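Notes to accompany the following structure.
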Amino acid sequence: MTTYKVGYFIGSLSSTSVNRELSQVLIRLAPEELEFTEIPIGNLPLYSPDHDANYPPEAVALKDAIHRSQAILFVTPEYNRSIPGALKNAIDWASRPWGKNAFDHIPAAVIGASIGQIGTALAQQALRGVLSFCNARQMTAPEAYIQFNKTLFPGNGEVVDDAVRTFLADFMGEFRDHIVRVLSVLPRQGHGAQ
């Protein structure tokens, strides 16, 4: 069986992030061909072009983690109708300096959860705009705007509602299919499936 290495970003720095919990649900429901590694973003300094000639170790580690991945999953909250600053900062580091964009042609998917009814819809639209500029190959459907509550997601990667579980499993199955399609046309240089 071919496996695919998926790096994933949690957009929130909170230790009690509902999106961290959602990521565990998604990993549990994902097809077995997908192997997940979190790419941490909390230790990055603020991006400045002043660093382009000499990236700090935290930013080098970030880019290396993306280069080791064959696909990227973004699991993000919505802050003030957009993406969290920490996530945007990580994307800025990963996509610079000019000509060394780590997201170029990488298969990517976007999902998010919030306690509000719009379930990160505006954050996801903002993130999609940024990823389009970064030339990531985004899965455009299904869209997944998750309203989070502890009754539905009690912890430990569990989801108690059959319809939500099926929807999220289908989302991850579509993501696997998207990865396979993109990599068959645009193989990651030095990152072949194993």
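Ordering of the structure tokens sets the chain letters (A, B, ...); residue numbers start at 1 within each chain; ligands are numbered from 1 in the order shown.
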
Output as JSON lines one row per residue of range 17-47 of chain A within 12 Å of range 73-76 of chain A: the closest atom pair and its distance in Å to one decimal place, counting only C-alpha atoms, sorted by chain and residue number ascending.
```
{"residue": "A:Ser17", "atom": "CA", "partner": "A:Thr76", "partner_atom": "CA", "distance": 9.5}
{"residue": "A:Val18", "atom": "CA", "partner": "A:Thr76", "partner_atom": "CA", "distance": 9.2}
{"residue": "A:Asn19", "atom": "CA", "partner": "A:Val75", "partner_atom": "CA", "distance": 6.0}
{"residue": "A:Arg20", "atom": "CA", "partner": "A:Val75", "partner_atom": "CA", "distance": 7.7}
{"residue": "A:Glu21", "atom": "CA", "partner": "A:Val75", "partner_atom": "CA", "distance": 9.9}
{"residue": "A:Leu22", "atom": "CA", "partner": "A:Val75", "partner_atom": "CA", "distance": 7.7}
{"residue": "A:Ser23", "atom": "CA", "partner": "A:Val75", "partner_atom": "CA", "distance": 6.5}
{"residue": "A:Gln24", "atom": "CA", "partner": "A:Val75", "partner_atom": "CA", "distance": 10.3}
{"residue": "A:Val25", "atom": "CA", "partner": "A:Val75", "partner_atom": "CA", "distance": 11.2}
{"residue": "A:Leu26", "atom": "CA", "partner": "A:Val75", "partner_atom": "CA", "distance": 9.6}
{"residue": "A:Ile27", "atom": "CA", "partner": "A:Leu73", "partner_atom": "CA", "distance": 10.4}
{"residue": "A:Ala30", "atom": "CA", "partner": "A:Leu73", "partner_atom": "CA", "distance": 11.7}
{"residue": "A:Leu34", "atom": "CA", "partner": "A:Leu73", "partner_atom": "CA", "distance": 11.1}
{"residue": "A:Glu35", "atom": "CA", "partner": "A:Leu73", "partner_atom": "CA", "distance": 11.5}
{"residue": "A:Phe36", "atom": "CA", "partner": "A:Leu73", "partner_atom": "CA", "distance": 9.2}
{"residue": "A:Thr37", "atom": "CA", "partner": "A:Leu73", "partner_atom": "CA", "distance": 10.0}
{"residue": "A:Glu38", "atom": "CA", "partner": "A:Leu73", "partner_atom": "CA", "distance": 9.4}
{"residue": "A:Ile39", "atom": "CA", "partner": "A:Leu73", "partner_atom": "CA", "distance": 9.9}
{"residue": "A:Pro40", "atom": "CA", "partner": "A:Phe74", "partner_atom": "CA", "distance": 11.7}
{"residue": "A:Ile41", "atom": "CA", "partner": "A:Phe74", "partner_atom": "CA", "distance": 11.9}
```

The selected residues should be written to file as a short mmCIF file (atom, residue, chain, number, x, y, z; two decimals), in the first residue's frame (atoms: all heavy atoms).
```
data_model
loop_
_atom_site.label_atom_id
_atom_site.label_comp_id
_atom_site.auth_asym_id
_atom_site.auth_seq_id
_atom_site.Cartn_x
_atom_site.Cartn_y
_atom_site.Cartn_z
N SER A 17 -7.47 24.29 22.15
CA SER A 17 -8.07 24.61 20.85
C SER A 17 -9.08 23.56 20.41
O SER A 17 -8.78 22.36 20.41
CB SER A 17 -6.97 24.72 19.81
OG SER A 17 -7.50 24.73 18.51
N VAL A 18 -10.26 24.02 19.99
CA VAL A 18 -11.24 23.08 19.43
C VAL A 18 -10.74 22.55 18.08
O VAL A 18 -11.10 21.44 17.67
CB VAL A 18 -12.64 23.71 19.29
CG1 VAL A 18 -13.17 24.15 20.66
CG2 VAL A 18 -12.68 24.86 18.31
N ASN A 19 -9.90 23.30 17.41
CA ASN A 19 -9.35 22.83 16.14
C ASN A 19 -8.28 21.76 16.34
O ASN A 19 -8.11 20.89 15.49
CB ASN A 19 -8.84 24.01 15.31
CG ASN A 19 -10.02 24.75 14.70
OD1 ASN A 19 -10.54 24.32 13.69
ND2 ASN A 19 -10.46 25.81 15.35
N ARG A 20 -7.60 21.79 17.47
CA ARG A 20 -6.69 20.68 17.80
C ARG A 20 -7.52 19.40 18.00
O ARG A 20 -7.15 18.33 17.53
CB ARG A 20 -5.88 21.01 19.06
CG ARG A 20 -4.92 19.89 19.44
CD ARG A 20 -3.88 20.35 20.44
NE ARG A 20 -3.07 21.44 19.93
CZ ARG A 20 -2.11 21.31 19.00
NH1 ARG A 20 -1.84 20.11 18.51
NH2 ARG A 20 -1.43 22.35 18.59
N GLU A 21 -8.64 19.53 18.69
CA GLU A 21 -9.52 18.37 18.87
C GLU A 21 -10.06 17.90 17.52
O GLU A 21 -10.09 16.70 17.24
CB GLU A 21 -10.66 18.71 19.81
CG GLU A 21 -11.63 17.57 20.05
CD GLU A 21 -10.98 16.31 20.61
OE1 GLU A 21 -10.03 16.41 21.40
OE2 GLU A 21 -11.45 15.21 20.26
N LEU A 22 -10.48 18.85 16.66
CA LEU A 22 -10.96 18.46 15.34
C LEU A 22 -9.87 17.74 14.55
O LEU A 22 -10.15 16.76 13.86
CB LEU A 22 -11.44 19.70 14.56
CG LEU A 22 -11.88 19.45 13.12
CD1 LEU A 22 -13.05 18.47 13.05
CD2 LEU A 22 -12.24 20.77 12.44
N SER A 23 -8.63 18.18 14.66
CA SER A 23 -7.55 17.52 13.93
C SER A 23 -7.42 16.06 14.37
O SER A 23 -7.16 15.18 13.54
CB SER A 23 -6.22 18.26 14.12
OG SER A 23 -5.68 18.06 15.41
N GLN A 24 -7.61 15.79 15.65
CA GLN A 24 -7.50 14.41 16.13
C GLN A 24 -8.65 13.55 15.60
O GLN A 24 -8.47 12.36 15.29
CB GLN A 24 -7.45 14.39 17.66
CG GLN A 24 -6.22 15.09 18.23
CD GLN A 24 -4.93 14.64 17.55
OE1 GLN A 24 -4.58 13.47 17.54
NE2 GLN A 24 -4.21 15.59 16.95
N VAL A 25 -9.84 14.15 15.48
CA VAL A 25 -10.97 13.45 14.88
C VAL A 25 -10.66 13.11 13.43
O VAL A 25 -10.86 11.98 12.96
CB VAL A 25 -12.25 14.30 14.99
CG1 VAL A 25 -13.39 13.68 14.17
CG2 VAL A 25 -12.67 14.50 16.44
N LEU A 26 -10.14 14.10 12.70
CA LEU A 26 -9.84 13.90 11.28
C LEU A 26 -8.78 12.81 11.07
O LEU A 26 -8.91 11.97 10.17
CB LEU A 26 -9.38 15.21 10.66
CG LEU A 26 -10.42 16.33 10.62
CD1 LEU A 26 -9.76 17.64 10.20
CD2 LEU A 26 -11.59 15.98 9.72
N ILE A 27 -7.75 12.83 11.89
CA ILE A 27 -6.69 11.82 11.79
C ILE A 27 -7.26 10.43 12.06
O ILE A 27 -6.94 9.46 11.35
CB ILE A 27 -5.53 12.16 12.75
CG1 ILE A 27 -4.79 13.41 12.24
CG2 ILE A 27 -4.59 10.97 12.91
CD1 ILE A 27 -3.82 14.00 13.24
N ALA A 30 -9.31 9.34 9.00
CA ALA A 30 -8.64 9.38 7.70
C ALA A 30 -8.35 7.99 7.16
O ALA A 30 -8.16 7.04 7.92
CB ALA A 30 -7.33 10.16 7.83
N LEU A 34 -2.87 7.64 4.77
CA LEU A 34 -2.38 8.97 5.15
C LEU A 34 -1.68 8.90 6.50
O LEU A 34 -2.22 8.39 7.49
CB LEU A 34 -3.53 9.98 5.21
CG LEU A 34 -4.33 10.15 3.92
CD1 LEU A 34 -5.38 11.26 4.09
CD2 LEU A 34 -3.44 10.43 2.73
N GLU A 35 -0.45 9.41 6.53
CA GLU A 35 0.37 9.42 7.74
C GLU A 35 0.58 10.89 8.15
O GLU A 35 1.10 11.68 7.36
CB GLU A 35 1.71 8.76 7.42
CG GLU A 35 2.70 8.73 8.54
CD GLU A 35 4.01 8.13 8.04
OE1 GLU A 35 4.01 6.96 7.61
OE2 GLU A 35 5.03 8.85 8.09
N PHE A 36 0.19 11.26 9.37
CA PHE A 36 0.11 12.67 9.77
C PHE A 36 1.23 13.09 10.72
O PHE A 36 1.59 12.35 11.63
CB PHE A 36 -1.23 12.94 10.45
CG PHE A 36 -2.40 12.83 9.53
CD1 PHE A 36 -3.01 11.60 9.31
CD2 PHE A 36 -2.88 13.93 8.86
CE1 PHE A 36 -4.08 11.49 8.44
CE2 PHE A 36 -3.95 13.83 7.98
CZ PHE A 36 -4.55 12.60 7.77
N THR A 37 1.74 14.31 10.50
CA THR A 37 2.71 14.92 11.39
C THR A 37 2.33 16.39 11.57
O THR A 37 2.19 17.11 10.57
CB THR A 37 4.14 14.85 10.81
OG1 THR A 37 4.47 13.48 10.56
CG2 THR A 37 5.15 15.46 11.77
N GLU A 38 2.16 16.81 12.81
CA GLU A 38 1.85 18.23 13.04
C GLU A 38 3.08 19.08 12.75
O GLU A 38 4.20 18.72 13.10
CB GLU A 38 1.40 18.47 14.48
CG GLU A 38 1.01 19.93 14.70
CD GLU A 38 0.49 20.24 16.10
OE1 GLU A 38 0.32 19.30 16.91
OE2 GLU A 38 0.27 21.43 16.39
N ILE A 39 2.85 20.21 12.11
CA ILE A 39 3.90 21.19 11.86
C ILE A 39 3.64 22.36 12.83
O ILE A 39 2.70 23.12 12.64
CB ILE A 39 3.90 21.67 10.40
CG1 ILE A 39 4.12 20.47 9.45
CG2 ILE A 39 4.96 22.75 10.18
CD1 ILE A 39 4.03 20.81 7.98
N PRO A 40 4.45 22.48 13.89
CA PRO A 40 4.19 23.50 14.90
C PRO A 40 4.51 24.90 14.40
O PRO A 40 5.42 25.09 13.58
CB PRO A 40 5.10 23.10 16.06
CG PRO A 40 6.19 22.28 15.44
CD PRO A 40 5.60 21.63 14.22
N ILE A 41 3.74 25.88 14.89
CA ILE A 41 3.93 27.27 14.45
C ILE A 41 4.14 28.24 15.61
O ILE A 41 4.41 29.41 15.38
CB ILE A 41 2.74 27.75 13.60
CG1 ILE A 41 1.43 27.73 14.40
CG2 ILE A 41 2.61 26.90 12.34
CD1 ILE A 41 0.24 28.34 13.66
#
```

I'd like a table as a Markdown table: residues in range 42-113 of chain A with an atom no more than 10 Å from range 146-161 of chain A, each row giving the shortest atom pair and its distance in Å to one decimal, only C-alpha atoms counted, sorted by chain and rising residue number.
```
| residue | atom | partner | partner_atom | distance |
| --- | --- | --- | --- | --- |
| A:Pro77 | CA | A:Ile146 | CA | 10.0 |
| A:Ile111 | CA | A:Ile146 | CA | 7.9 |
| A:Gly112 | CA | A:Ile146 | CA | 6.1 |
| A:Ala113 | CA | A:Ile146 | CA | 4.5 |
```

For the selection you just gave me, I'd like the residues written to a file as a short mmCIF file (atom, residue, chain, number, x, y, z; two decimals), in the first residue's frame, keeping N, CA and C atoms.
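See part.cif below for the written result:
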```cif
data_model
loop_
_atom_site.label_atom_id
_atom_site.label_comp_id
_atom_site.auth_asym_id
_atom_site.auth_seq_id
_atom_site.Cartn_x
_atom_site.Cartn_y
_atom_site.Cartn_z
N PRO A 77 -9.07 28.00 13.29
CA PRO A 77 -10.20 28.78 13.78
C PRO A 77 -10.37 30.05 12.95
N ILE A 111 -9.95 23.17 6.52
CA ILE A 111 -11.13 22.86 7.33
C ILE A 111 -10.99 23.64 8.63
N GLY A 112 -12.09 23.84 9.33
CA GLY A 112 -12.00 24.53 10.61
C GLY A 112 -13.27 24.39 11.41
N ALA A 113 -13.14 24.63 12.70
CA ALA A 113 -14.27 24.54 13.62
C ALA A 113 -14.32 25.76 14.51
#
```

Which residues in range 17-132 of chain A does DSSP call helix (DSSP H, G or I)? List them as an MDAnalysis selection string.
chainID A and resid 18:29 49:51 57:68 85:95 121:132

Shell around Pro45 in chain A at 9 Å using only C-alpha atoms, local window under 6 positions removed, as a list in words:
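Skipping anything fewer than 6 positions along the chain leaves Pro56, Glu58, Ala59 and Asn89 of chain A.
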
With N, CA, C and O atoms retained, export the selected residues as a PDB file, in the first residue's frame.
```pdb
ATOM      1  N   PRO A  56      16.088  32.190  10.484  1.00  0.00           N
ATOM      2  CA  PRO A  56      16.346  31.629  11.815  1.00  0.00           C
ATOM      3  C   PRO A  56      16.042  30.131  11.836  1.00  0.00           C
ATOM      4  O   PRO A  56      15.293  29.636  10.985  1.00  0.00           O
ATOM      5  N   GLU A  58      14.101  28.251  13.570  1.00  0.00           N
ATOM      6  CA  GLU A  58      12.687  27.875  13.666  1.00  0.00           C
ATOM      7  C   GLU A  58      12.015  27.896  12.299  1.00  0.00           C
ATOM      8  O   GLU A  58      11.198  27.033  11.973  1.00  0.00           O
ATOM      9  N   ALA A  59      12.384  28.889  11.484  1.00  0.00           N
ATOM     10  CA  ALA A  59      11.799  29.004  10.147  1.00  0.00           C
ATOM     11  C   ALA A  59      12.373  27.963   9.197  1.00  0.00           C
ATOM     12  O   ALA A  59      11.660  27.432   8.337  1.00  0.00           O
ATOM     13  N   ASN A  89       1.542  34.236   9.836  1.00  0.00           N
ATOM     14  CA  ASN A  89       2.983  34.392  10.020  1.00  0.00           C
ATOM     15  C   ASN A  89       3.736  33.151   9.531  1.00  0.00           C
ATOM     16  O   ASN A  89       4.749  33.257   8.834  1.00  0.00           O
TER      17      ASN A  89
END
```

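Distance-wise, CA of Gln189 in chain A and CA of Arg28 in chain A end up 28.4 Å apart.
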
Rounded to one decimal in Å, what is the spacing between CA of Ser132 in chain A and CA of Ser14 in chain A?
26.7 Å

Using DSSP on the backbone, list every residue of chain A that comes out as strand (DSSP E), and give them as a ChimeraX atom specification.
/A:4-10,34-38,71-75,107-114,137-138,145-147

Would you mind reading off the distance between CA of Asp92 in chain A and CA of Tyr47 in chain A, one decimal, in Å?
6.6 Å

Who sits within 10 Å of range 180-186 of chain A, only C-alpha atoms, same chain under 2 positions skipped, as a list in words:
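Contacts, with the query itself left out: Thr2, Tyr4, Gln70, Ala71, His105, Ile106, Pro107, Ala108, Arg137, Gln138, Met139, Glu174, Phe175, Arg176, Asp177, His178, Arg188, Gln189, His191, Gly192 and Ala193 of chain A.
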
Once you have the residues from the selection above, write them out as a short mmCIF file (atom, residue, chain, number, x, y, z; two decimals), in the first residue's frame, restricted to N, CA and C atoms.
```cif
data_model
loop_
_atom_site.label_atom_id
_atom_site.label_comp_id
_atom_site.auth_asym_id
_atom_site.auth_seq_id
_atom_site.Cartn_x
_atom_site.Cartn_y
_atom_site.Cartn_z
N THR A 2 0.56 2.20 -0.84
CA THR A 2 1.28 3.47 -0.88
C THR A 2 0.79 4.36 0.25
N TYR A 4 1.10 8.27 2.16
CA TYR A 4 1.37 9.68 1.86
C TYR A 4 1.58 10.44 3.16
N GLN A 70 4.07 15.45 1.77
CA GLN A 70 3.57 15.35 0.40
C GLN A 70 2.26 16.09 0.22
N ALA A 71 1.65 16.48 1.33
CA ALA A 71 0.40 17.24 1.31
C ALA A 71 0.29 17.99 2.63
N HIS A 105 2.74 24.07 -5.55
CA HIS A 105 2.17 22.84 -6.10
C HIS A 105 1.82 21.78 -5.06
N ILE A 106 1.87 22.08 -3.78
CA ILE A 106 1.57 21.04 -2.79
C ILE A 106 0.06 20.83 -2.68
N PRO A 107 -0.39 19.58 -2.64
CA PRO A 107 -1.81 19.34 -2.39
C PRO A 107 -2.19 19.83 -0.99
N ALA A 108 -3.31 20.53 -0.89
CA ALA A 108 -3.70 21.12 0.39
C ALA A 108 -5.21 21.05 0.58
N ARG A 137 -2.12 23.51 -4.39
CA ARG A 137 -3.17 22.86 -5.16
C ARG A 137 -4.29 22.46 -4.20
N GLN A 138 -5.27 23.34 -4.06
CA GLN A 138 -6.28 23.18 -3.03
C GLN A 138 -7.42 22.24 -3.44
N MET A 139 -7.86 21.45 -2.47
CA MET A 139 -9.09 20.69 -2.64
C MET A 139 -10.23 21.69 -2.45
N GLU A 174 -11.92 12.19 0.43
CA GLU A 174 -11.76 13.09 -0.72
C GLU A 174 -10.36 13.72 -0.72
N PHE A 175 -9.86 14.04 0.48
CA PHE A 175 -8.52 14.61 0.56
C PHE A 175 -7.47 13.61 0.08
N ARG A 176 -7.61 12.35 0.48
CA ARG A 176 -6.70 11.31 -0.02
C ARG A 176 -6.75 11.23 -1.54
N ASP A 177 -7.95 11.24 -2.10
CA ASP A 177 -8.10 11.17 -3.55
C ASP A 177 -7.47 12.39 -4.23
N HIS A 178 -7.66 13.56 -3.61
CA HIS A 178 -7.08 14.79 -4.14
C HIS A 178 -5.54 14.70 -4.15
N ARG A 188 6.03 15.55 -6.02
CA ARG A 188 6.87 16.37 -5.16
C ARG A 188 8.31 15.94 -5.41
N GLN A 189 9.17 16.85 -5.79
CA GLN A 189 10.56 16.53 -6.07
C GLN A 189 11.24 16.05 -4.78
N HIS A 191 10.11 13.81 -2.82
CA HIS A 191 9.15 13.47 -1.78
C HIS A 191 8.19 12.40 -2.28
N GLY A 192 8.69 11.41 -2.98
CA GLY A 192 7.80 10.39 -3.56
C GLY A 192 7.10 9.57 -2.50
N ALA A 193 5.94 9.03 -2.86
CA ALA A 193 5.20 8.16 -1.95
C ALA A 193 6.03 6.91 -1.67
#
```

Report as a list in words all protein, DNA and RNA residues lying within 12 Å of Gly129 in chain A, evaluated on only C-alpha atoms, omitting residues in the same chain fewer than 5 positions from it.
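The neighbour list is Ser82, Ile83, Lys88, Val110, Leu122, Ala123, Gln124, Cys134, Asn135, Ala136, Arg137, Gln138 and Thr140 of chain A.
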
So which residues touch Leu62 in chain A within 10 Å, counting only C-alpha atoms, skipping near sequence neighbours fewer than 2 positions away, as a PyMOL selection string?
chain A and resi 39-41+43-44+57-60+64-67+90-91+93-94+102

Store the residues picked out above in a file with N, CA and C atoms, as a CSV table (one decimal), in the first residue's frame.
```csv
chain,number,residue,atom,x,y,z
A,39,ILE,N,2.9,20.2,12.1
A,39,ILE,CA,3.9,21.2,11.9
A,39,ILE,C,3.6,22.4,12.8
A,40,PRO,N,4.4,22.5,13.9
A,40,PRO,CA,4.2,23.5,14.9
A,40,PRO,C,4.5,24.9,14.4
A,41,ILE,N,3.7,25.9,14.9
A,41,ILE,CA,3.9,27.3,14.4
A,41,ILE,C,4.1,28.2,15.6
A,43,ASN,N,6.5,28.7,17.8
A,43,ASN,CA,7.8,29.2,18.2
A,43,ASN,C,8.4,30.2,17.2
A,44,LEU,N,7.7,30.5,16.1
A,44,LEU,CA,8.2,31.3,15.1
A,44,LEU,C,8.3,32.8,15.5
A,57,PRO,N,16.6,29.4,12.8
A,57,PRO,CA,16.4,27.9,12.8
A,57,PRO,C,15.0,27.5,12.9
A,58,GLU,N,14.1,28.3,13.6
A,58,GLU,CA,12.7,27.9,13.7
A,58,GLU,C,12.0,27.9,12.3
A,59,ALA,N,12.4,28.9,11.5
A,59,ALA,CA,11.8,29.0,10.1
A,59,ALA,C,12.4,28.0,9.2
A,60,VAL,N,13.6,27.6,9.3
A,60,VAL,CA,14.3,26.6,8.5
A,60,VAL,C,13.6,25.2,8.9
A,64,ASP,N,11.6,22.9,6.3
A,64,ASP,CA,12.0,21.5,6.2
A,64,ASP,C,10.8,20.5,6.4
A,65,ALA,N,10.0,20.8,7.4
A,65,ALA,CA,8.8,20.0,7.7
A,65,ALA,C,7.8,20.0,6.5
A,66,ILE,N,7.6,21.1,5.9
A,66,ILE,CA,6.8,21.2,4.7
A,66,ILE,C,7.4,20.4,3.6
A,67,HIS,N,8.7,20.5,3.3
A,67,HIS,CA,9.3,19.8,2.3
A,67,HIS,C,9.3,18.3,2.5
A,90,ALA,N,3.2,32.0,9.9
A,90,ALA,CA,3.9,30.7,9.4
A,90,ALA,C,3.8,30.6,7.9
A,91,ILE,N,2.7,31.0,7.3
A,91,ILE,CA,2.6,30.9,5.8
A,91,ILE,C,3.6,31.9,5.2
A,93,TRP,N,6.5,32.9,6.5
A,93,TRP,CA,7.8,32.3,6.6
A,93,TRP,C,8.0,31.2,5.5
A,94,ALA,N,7.0,30.3,5.4
A,94,ALA,CA,7.2,29.2,4.5
A,94,ALA,C,7.2,29.6,3.0
A,102,ALA,N,7.7,27.1,-0.2
A,102,ALA,CA,7.5,25.7,0.2
A,102,ALA,C,6.2,25.1,-0.2
```

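Closest approach to Glu32 in chain A among A:Ala163, A:Ala61, A:Met172, A:Leu127: A:Met172, based on only C-alpha atoms.
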
Selection near Tyr145 in chain A, 6 Å with only C-alpha atoms, sequence-local residues under 3 positions removed, as number ranges by chain
A: 112, 119-121

Those same residues - C-alpha atoms - I'd like them written as a compact mmCIF listing (two decimals), in the first residue's frame.
```
# COMPACT_ATOMS: atom_id res chain seq x y z
CA GLY A 112 -12.00 24.53 10.61
CA GLY A 119 -17.96 27.45 11.47
CA THR A 120 -14.89 29.38 10.19
CA ALA A 121 -16.35 30.04 6.72
```
